[in-house]
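Below is one structure; the comments refer to it alone.
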Amino acid sequence: MRVRHAVGAACGVLVLTVTIPISAHAADGYFGYHYGLPGAQAQSRLTDPASDKCVDIPEIVGHPLQNAFSPVNNTDEDAQLYLEADCLGPHTTLAAGRQAGPSRLFKSVVFLPE
């Protein structure tokens with residue numbers, strides 16, 4: 001009877017150690033961009049953004065005519081830039097440490113861990 005309880009307790013401990021959440025991984029650095037309409041542009045950045053998580057560009061949420069553009073990826077991970085919110089639609093990849101010009105439009109981004 002004691003052996004059965006010991007085995008059950010050991011299995012319980014094993015399950016708990018496997019299910020303990022580990023810290024979320026983030027892309028180190030910042031991701032900068034411009035946003036807005038012609039003549040009314042501004043700049044912003046995402047600092048240490050989460051990896052493998054879709055991020056809608058906060059300044060343009062609810063503004064369907066606006067886009068983010070001219071991205072600067074100063075993180076240690078590649079970024080996939082999506083033309084639509086919620087990481088939908090066509091996308092392009094901007095490598096870590098690279099930047100693109102004003103013709104690179106996007107509304108959401110996801111960072112790809114190596």
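Starting from 1 in every chain, residues are counted up; chains themselves are A, B, ... following the order of the structure tokens, and ligands are numbered from 1 as listed.
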Would you pick out the contacts of Ala26 in chain A at 12 Å or less, using only C-alpha atoms, so that residues sharing its chain but fewer than 2 positions from it are not included, and give the list as a PDB file with N, CA and C atoms, in the first residue's frame?
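Output (result_8.pdb):
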ATOM      1  N   SER A  23       9.179  31.283 -18.062  1.00  0.00           N
ATOM      2  CA  SER A  23       9.012  32.675 -18.448  1.00  0.00           C
ATOM      3  C   SER A  23       8.882  32.788 -19.967  1.00  0.00           C
ATOM      4  N   ALA A  24       8.068  33.725 -20.397  1.00  0.00           N
ATOM      5  CA  ALA A  24       7.839  33.933 -21.825  1.00  0.00           C
ATOM      6  C   ALA A  24       9.099  34.511 -22.455  1.00  0.00           C
ATOM      7  N   ASP A  28      14.869  40.571 -27.719  1.00  0.00           N
ATOM      8  CA  ASP A  28      15.635  41.623 -27.039  1.00  0.00           C
ATOM      9  C   ASP A  28      15.884  42.780 -27.992  1.00  0.00           C
ATOM     10  N   GLY A  29      15.618  43.984 -27.519  1.00  0.00           N
ATOM     11  CA  GLY A  29      15.826  45.180 -28.315  1.00  0.00           C
ATOM     12  C   GLY A  29      14.519  45.909 -28.564  1.00  0.00           C
ATOM     13  N   TYR A  30      14.500  46.685 -29.633  1.00  0.00           N
ATOM     14  CA  TYR A  30      13.266  47.405 -29.953  1.00  0.00           C
ATOM     15  C   TYR A  30      12.948  47.290 -31.438  1.00  0.00           C
ATOM     16  N   PHE A  31      11.677  47.450 -31.734  1.00  0.00           N
ATOM     17  CA  PHE A  31      11.162  47.446 -33.097  1.00  0.00           C
ATOM     18  C   PHE A  31      10.509  48.811 -33.311  1.00  0.00           C
ATOM     19  N   LEU A  46       8.140  49.228 -30.224  1.00  0.00           N
ATOM     20  CA  LEU A  46       7.825  48.138 -29.307  1.00  0.00           C
ATOM     21  C   LEU A  46       9.152  47.734 -28.668  1.00  0.00           C
ATOM     22  N   THR A  47       9.223  47.748 -27.348  1.00  0.00           N
ATOM     23  CA  THR A  47      10.455  47.400 -26.647  1.00  0.00           C
ATOM     24  C   THR A  47      10.355  45.987 -26.099  1.00  0.00           C
ATOM     25  N   ASP A  48      11.358  45.170 -26.400  1.00  0.00           N
ATOM     26  CA  ASP A  48      11.409  43.763 -25.983  1.00  0.00           C
ATOM     27  C   ASP A  48      10.069  43.059 -26.227  1.00  0.00           C
ATOM     28  N   PRO A  49       9.592  43.051 -27.480  1.00  0.00           N
ATOM     29  CA  PRO A  49       8.287  42.437 -27.760  1.00  0.00           C
ATOM     30  C   PRO A  49       8.314  40.921 -27.553  1.00  0.00           C
ATOM     31  N   ALA A  50       7.177  40.362 -27.206  1.00  0.00           N
ATOM     32  CA  ALA A  50       7.057  38.916 -26.992  1.00  0.00           C
ATOM     33  C   ALA A  50       7.303  38.161 -28.286  1.00  0.00           C
ATOM     34  N   SER A  51       7.917  36.998 -28.159  1.00  0.00           N
ATOM     35  CA  SER A  51       8.165  36.133 -29.311  1.00  0.00           C
ATOM     36  C   SER A  51       6.954  35.255 -29.576  1.00  0.00           C
ATOM     37  N   ASP A  52       6.788  34.882 -30.835  1.00  0.00           N
ATOM     38  CA  ASP A  52       5.725  33.957 -31.246  1.00  0.00           C
ATOM     39  C   ASP A  52       4.334  34.428 -30.861  1.00  0.00           C
ATOM     40  N   LYS A  53       4.136  35.736 -30.777  1.00  0.00           N
ATOM     41  CA  LYS A  53       2.832  36.291 -30.425  1.00  0.00           C
ATOM     42  C   LYS A  53       2.519  37.431 -31.382  1.00  0.00           C
ATOM     43  N   THR A  75      15.893  44.206 -32.989  1.00  0.00           N
ATOM     44  CA  THR A  75      15.776  43.103 -32.041  1.00  0.00           C
ATOM     45  C   THR A  75      16.716  41.990 -32.492  1.00  0.00           C
ATOM     46  N   ASP A  76      16.785  40.933 -31.695  1.00  0.00           N
ATOM     47  CA  ASP A  76      17.627  39.795 -32.049  1.00  0.00           C
ATOM     48  C   ASP A  76      16.845  38.696 -32.763  1.00  0.00           C
ATOM     49  N   GLU A  77      15.611  38.994 -33.204  1.00  0.00           N
ATOM     50  CA  GLU A  77      14.780  38.017 -33.894  1.00  0.00           C
ATOM     51  C   GLU A  77      14.232  38.606 -35.189  1.00  0.00           C
ATOM     52  N   ASP A  78      14.006  37.741 -36.177  1.00  0.00           N
ATOM     53  CA  ASP A  78      13.354  38.176 -37.413  1.00  0.00           C
ATOM     54  C   ASP A  78      11.904  38.539 -37.109  1.00  0.00           C
ATOM     55  N   VAL A 110       4.839  39.687 -35.906  1.00  0.00           N
ATOM     56  CA  VAL A 110       5.152  38.589 -34.994  1.00  0.00           C
ATOM     57  C   VAL A 110       6.665  38.364 -35.073  1.00  0.00           C
ATOM     58  N   PHE A 111       7.298  38.149 -33.920  1.00  0.00           N
ATOM     59  CA  PHE A 111       8.735  37.932 -33.849  1.00  0.00           C
ATOM     60  C   PHE A 111       9.023  36.452 -33.757  1.00  0.00           C
ATOM     61  N   LEU A 112       9.963  35.989 -34.567  1.00  0.00           N
ATOM     62  CA  LEU A 112      10.242  34.571 -34.725  1.00  0.00           C
ATOM     63  C   LEU A 112      11.512  34.189 -33.970  1.00  0.00           C
ATOM     64  N   PRO A 113      11.383  33.412 -32.891  1.00  0.00           N
ATOM     65  CA  PRO A 113      12.585  33.004 -32.171  1.00  0.00           C
ATOM     66  C   PRO A 113      13.400  32.028 -33.012  1.00  0.00           C
ATOM     67  N   GLU A 114      14.687  32.040 -32.801  1.00  0.00           N
ATOM     68  CA  GLU A 114      15.576  31.142 -33.554  1.00  0.00           C
ATOM     69  C   GLU A 114      15.496  29.734 -33.049  1.00  0.00           C
TER      70      GLU A 114
END
Discussion item. Would you compute the distance between CA of Ala96 in chain A and CA of Asn73 in chain A? Give it in Å to one decimal.
Written reply: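 Distance between the two atoms: 5.6 Å.
Within 7 Å of range 79-92 of chain A, once only C-alpha atoms are used and residues closer than 6 positions along the same chain are dropped, the contacting residues are Cys54, Asp56, Leu105, Phe106, Lys107, Ser108, Val109, Val110, Phe111 and Leu112 of chain A.
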Residues from the last selection, N, CA and C atoms, saved as a short mmCIF file (atom, residue, chain, number, x, y, z; two decimals), in the first residue's frame:
data_model
loop_
_atom_site.label_atom_id
_atom_site.label_comp_id
_atom_site.auth_asym_id
_atom_site.auth_seq_id
_atom_site.Cartn_x
_atom_site.Cartn_y
_atom_site.Cartn_z
N CYS A 54 1.34 37.39 -31.96
CA CYS A 54 0.94 38.44 -32.88
C CYS A 54 0.72 39.74 -32.11
N ASP A 56 -0.69 43.54 -32.82
CA ASP A 56 -1.28 44.58 -33.66
C ASP A 56 -0.62 45.90 -33.27
N LEU A 105 4.50 48.48 -45.84
CA LEU A 105 3.32 48.76 -45.01
C LEU A 105 2.95 47.52 -44.21
N PHE A 106 2.44 47.73 -42.99
CA PHE A 106 2.00 46.61 -42.15
C PHE A 106 1.07 47.12 -41.06
N LYS A 107 0.29 46.20 -40.50
CA LYS A 107 -0.63 46.50 -39.40
C LYS A 107 -0.38 45.62 -38.18
N SER A 108 0.37 44.54 -38.37
CA SER A 108 0.68 43.64 -37.25
C SER A 108 2.02 42.97 -37.51
N VAL A 109 2.59 42.43 -36.45
CA VAL A 109 3.92 41.83 -36.54
C VAL A 109 4.03 40.68 -35.55
N VAL A 110 4.84 39.69 -35.91
CA VAL A 110 5.15 38.59 -34.99
C VAL A 110 6.67 38.36 -35.07
N PHE A 111 7.30 38.15 -33.92
CA PHE A 111 8.73 37.93 -33.85
C PHE A 111 9.02 36.45 -33.76
N LEU A 112 9.96 35.99 -34.57
CA LEU A 112 10.24 34.57 -34.73
C LEU A 112 11.51 34.19 -33.97
#
Can you check which residues of range 27-66 of chain A DSSP gives as strand (DSSP E or B) on the backbone and send them as a PDB file with C-alpha atoms, in the first residue's frame?
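Resulting contents of out_13.pdb:
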ATOM      1  CA  GLY A  29      15.826  45.180 -28.315  1.00  0.00           C
ATOM      2  CA  TYR A  30      13.266  47.405 -29.953  1.00  0.00           C
ATOM      3  CA  PHE A  31      11.162  47.446 -33.097  1.00  0.00           C
ATOM      4  CA  GLY A  32      10.596  50.984 -34.375  1.00  0.00           C
ATOM      5  CA  TYR A  33       8.129  52.210 -36.987  1.00  0.00           C
ATOM      6  CA  HIS A  34       6.245  55.208 -38.359  1.00  0.00           C
ATOM      7  CA  TYR A  35       2.463  55.343 -38.565  1.00  0.00           C
ATOM      8  CA  GLY A  36      -0.360  57.614 -39.600  1.00  0.00           C
ATOM      9  CA  LEU A  37      -1.497  59.405 -42.730  1.00  0.00           C
ATOM     10  CA  ALA A  40       0.320  63.524 -40.032  1.00  0.00           C
ATOM     11  CA  GLN A  41       2.987  60.931 -39.297  1.00  0.00           C
ATOM     12  CA  ALA A  42       4.414  59.902 -35.958  1.00  0.00           C
ATOM     13  CA  GLN A  43       6.971  57.409 -34.665  1.00  0.00           C
ATOM     14  CA  SER A  44       6.713  54.699 -32.045  1.00  0.00           C
ATOM     15  CA  ARG A  45       8.403  51.480 -30.956  1.00  0.00           C
ATOM     16  CA  LEU A  46       7.825  48.138 -29.307  1.00  0.00           C
ATOM     17  CA  THR A  47      10.455  47.400 -26.647  1.00  0.00           C
ATOM     18  CA  ALA A  50       7.057  38.916 -26.992  1.00  0.00           C
ATOM     19  CA  SER A  51       8.165  36.133 -29.311  1.00  0.00           C
ATOM     20  CA  VAL A  55       1.133  42.144 -32.032  1.00  0.00           C
ATOM     21  CA  ASP A  56      -1.276  44.581 -33.659  1.00  0.00           C
TER      22      ASP A  56
END
